[in-house]
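Enquirer: One structure coming up, written as structure tokens, with questions to follow.
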Amino acid sequence: MQKYSVLICVIISVLFLVIATLYYPGGSILDKNAVGFDWSKNFFSNLFLPNALNGSENPARIWALIGMVFNSIGYGLFFIHTSRKIPHKHTKLVLISIGVINMLFTFLIATPLHDIMVTVSSTLTMIGLFYITIFILKTKIHWLKLFCIVSLLIFYSTLYLYGAGNWGLLAVMQKVTFLCFMLLVLTIEYFTKAEDFHQNKTDQVSKTTR
């Protein structure tokens, strides 16, 4: 069960968030009178509101909150699990800390603390992914190196749009980032092992003993 805990949490999270989009009454930043949830115009944060942007009571909220609970747990476990694969004490401590702390901060995105929690949680997540990417770049998994670099560029671009207030493009990029992050997490969780991160260290030891 523990082996598939991240996958289970991610699947449940996605299911509940998708269900929430089906119950969302309507309204977006660009069109208050829009009906339903538009993936290219609405933000996931709209699902967490007591009242939808069109003024109606929001029955999607409870589904979205449950989805965020599993989202927070799943990605927190990912950082903790990955820390066990990396042979570096400082990095282990950083990833474990991010995993534990972000379980709370990521969920708080769904509360009135949304804006500040987006900044804090995103910053911690980016730090964690940066550390992981550094060690993946030292492995022999070349396709994953490219995936990590492209993903980081997408994440940074989305954060830039958030800071710049480009809401139109940001609504689309939020979904792209969400999908990219989910795939990257599942890839690192289930397609890497401790031996991959120890390989570079082993190679260095073997070279010094020749």
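How things are named: the first chain in the structure tokens is A, the next is B, and so on; residues count from 1 in each chain; ligands count from 1 in the order shown.
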May I have the residues within 10 Å of A:Ile134 as a ChimeraX atom specification, using only C-alpha atoms and disregarding those fewer than 4 positions away in the same chain?

Expert: /A:129-130,138-139,145,148-149

Enquirer: Include C-alpha atoms and write out the residues we just selected as a compact mmCIF listing (two decimals), in the first residue's frame.

Expert:
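Output below, filename again-v7.txt:
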```
# COMPACT_ATOMS: atom_id res chain seq x y z
CA LEU A 129 12.26 20.14 -7.39
CA PHE A 130 15.49 22.08 -7.94
CA LYS A 138 24.05 13.37 -12.15
CA THR A 139 22.31 10.11 -13.07
CA LYS A 145 17.04 15.11 -17.19
CA CYS A 148 13.00 17.92 -15.34
CA ILE A 149 14.53 20.93 -17.08
```

Enquirer: With a distance cut-off of 9 Å and only C-alpha atoms, select the neighbouring residues of A:Phe107, excluding the residue or stretch itself and same-chain residues fewer than 3 positions from it, and output the selection as a PDB file with C-alpha atoms, in the first residue's frame.

Expert:
```
ATOM      1  CA  LEU A  65     -11.472  20.629  -0.604  1.00  0.00           C
ATOM      2  CA  MET A  68      -6.845  19.265  -2.076  1.00  0.00           C
ATOM      3  CA  VAL A  69      -6.456  17.105   1.035  1.00  0.00           C
ATOM      4  CA  PHE A  70      -5.287  14.172  -1.079  1.00  0.00           C
ATOM      5  CA  ASN A  71      -3.249  16.497  -3.303  1.00  0.00           C
ATOM      6  CA  SER A  72      -1.363  17.817  -0.281  1.00  0.00           C
ATOM      7  CA  ILE A  73      -0.733  14.360   1.171  1.00  0.00           C
ATOM      8  CA  ASN A 102       3.969  21.575   2.318  1.00  0.00           C
ATOM      9  CA  MET A 103       1.269  19.070   3.304  1.00  0.00           C
ATOM     10  CA  LEU A 104      -0.195  21.912   5.342  1.00  0.00           C
ATOM     11  CA  ALA A 110      -7.912  26.230  -0.628  1.00  0.00           C
ATOM     12  CA  THR A 111      -8.595  28.689   2.229  1.00  0.00           C
ATOM     13  CA  MET A 117      -0.049  30.142   0.476  1.00  0.00           C
TER      14      MET A 117
END
```

Enquirer: Find, counting only C-alpha atoms, the residue in A:Leu7, A:Val120, A:Ile19, A:Leu159 that gets nearest to A:Thr177.

Expert: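 Among the listed residues, the smallest separation from A:Thr177 belongs to A:Leu159.
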
Enquirer: Using only C-alpha atoms, which of the listed residues (A:Leu184, A:Val10, A:Val18, A:Ile62) sits closest to A:Trp143?

Expert: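 Closest to A:Trp143 of all the choices is A:Leu184.
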
Enquirer: Assign secondary structure with DSSP using the backbone only, and return the residues of chain A in helix (DSSP H, G or I) as a ChimeraX atom specification.

Expert: /A:2-23,44-48,61-83,89-110,114-136,142-164,167-191,194-208

Enquirer: So, with only C-alpha atoms as the atoms that count, which of A:Leu30, A:Cys9, A:Val94, A:Val118 lies closest to A:Met182?

Expert: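 Closest to A:Met182, using only C-alpha atoms: A:Cys9.
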
Enquirer: For the atom pair atom CA of A:Ser56 and atom CA of A:Asp31, what is the interatomic distance in Å to one decimal place?

Expert: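 Pair atom CA of A:Ser56 / atom CA of A:Asp31 returns 14.2 Å.
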
Enquirer: As a list of chain:residue names, please: the residues near A:Leu186 (cut-off 10 Å, only C-alpha atoms, same-chain neighbours under 4 positions excluded).

Expert: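 The residues satisfying every condition are A:Val6, A:Leu7, A:Val10, A:Tyr75, A:Phe78, A:Phe181, A:Met182, A:Tyr190, A:Phe191, A:Thr192.
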
Enquirer: Given the selection you just returned, output its residues as a file containing N, CA and C atoms, formatted as a PDB file, in the first residue's frame.

Expert:
```
ATOM      1  N   VAL A   6       1.467   7.461  -3.213  1.00  0.00           N
ATOM      2  CA  VAL A   6       1.491   8.704  -3.987  1.00  0.00           C
ATOM      3  C   VAL A   6       0.523   8.605  -5.167  1.00  0.00           C
ATOM      4  N   LEU A   7       0.575   7.494  -5.877  1.00  0.00           N
ATOM      5  CA  LEU A   7      -0.309   7.296  -7.026  1.00  0.00           C
ATOM      6  C   LEU A   7      -1.776   7.331  -6.607  1.00  0.00           C
ATOM      7  N   VAL A  10      -2.817  10.905  -5.765  1.00  0.00           N
ATOM      8  CA  VAL A  10      -2.925  11.730  -6.972  1.00  0.00           C
ATOM      9  C   VAL A  10      -4.205  11.402  -7.733  1.00  0.00           C
ATOM     10  N   TYR A  75       1.641  14.776  -2.683  1.00  0.00           N
ATOM     11  CA  TYR A  75       2.882  15.448  -3.065  1.00  0.00           C
ATOM     12  C   TYR A  75       3.839  15.593  -1.886  1.00  0.00           C
ATOM     13  N   PHE A  78       5.587  12.344  -1.768  1.00  0.00           N
ATOM     14  CA  PHE A  78       6.552  12.261  -2.870  1.00  0.00           C
ATOM     15  C   PHE A  78       7.914  12.799  -2.444  1.00  0.00           C
ATOM     16  N   PHE A 181       3.398  18.758 -13.579  1.00  0.00           N
ATOM     17  CA  PHE A 181       3.892  18.437 -12.239  1.00  0.00           C
ATOM     18  C   PHE A 181       3.443  17.042 -11.818  1.00  0.00           C
ATOM     19  N   MET A 182       2.198  16.700 -12.117  1.00  0.00           N
ATOM     20  CA  MET A 182       1.678  15.386 -11.767  1.00  0.00           C
ATOM     21  C   MET A 182       2.471  14.278 -12.468  1.00  0.00           C
ATOM     22  N   TYR A 190       8.053   6.510  -9.493  1.00  0.00           N
ATOM     23  CA  TYR A 190       7.941   5.104  -9.898  1.00  0.00           C
ATOM     24  C   TYR A 190       8.930   4.648 -10.968  1.00  0.00           C
ATOM     25  N   PHE A 191       9.710   5.576 -11.537  1.00  0.00           N
ATOM     26  CA  PHE A 191      10.667   5.176 -12.557  1.00  0.00           C
ATOM     27  C   PHE A 191      12.109   5.504 -12.175  1.00  0.00           C
ATOM     28  N   THR A 192      12.329   5.845 -10.909  1.00  0.00           N
ATOM     29  CA  THR A 192      13.692   5.982 -10.400  1.00  0.00           C
ATOM     30  C   THR A 192      13.818   5.151  -9.126  1.00  0.00           C
TER      31      THR A 192
END
```

Enquirer: Choose the residue, out of A:Ile188, A:Leu47, A:Leu108, A:Leu93, that has the smallest atom-to-atom separation from A:Ile132; count only C-alpha atoms.

Expert: A:Ile188

Enquirer: Select, from A:Ser122, A:Ala64, A:Lys175, A:Phe135, the residue with the minimum atom-to-atom distance to A:His88, counting only C-alpha atoms.

Expert: A:Phe135

Enquirer: Between atom CA of A:Asn42 and atom CA of A:Val172, what distance in Å does the model show, to one decimal?

Expert: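 Between atom CA of A:Asn42 and atom CA of A:Val172 the gap is 8.6 Å.
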
Enquirer: Quick one: distance from atom CA of A:Leu22 to atom CA of A:Gln174 in Å, one decimal?

Expert: 18.1 Å

Enquirer: Tell me which of A:Asn58, A:Asn33, A:Ser45, A:Thr91 sits closest to A:Ile127, counting only C-alpha atoms.

Expert: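 Residue with the minimum atom-to-atom distance to A:Ile127: A:Thr91.
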
Enquirer: Please provide the set of residues having any atom within 9 Å of A:His198, restricted to only C-alpha atoms, with same-chain residues fewer than 6 positions apart removed, written as number ranges by chain.

Expert: A: 85-87, 139

Enquirer: Using only C-alpha atoms, which protein or nucleic acid residues come within 12 Å of A:Tyr23? Drop anything in the same chain fewer than 6 positions from it, and give the result as a list in words.

Expert: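 Residues near the query, excluding close chain neighbours: Phe16, Leu17, Val35, Gly36, Phe37, Asp38, Asn46, Leu47, Phe48, Ala52, Ser56, Glu57, Asn58, Pro59, Ala60, Arg61, Ile62, Trp63 and Ala64 of chain A.
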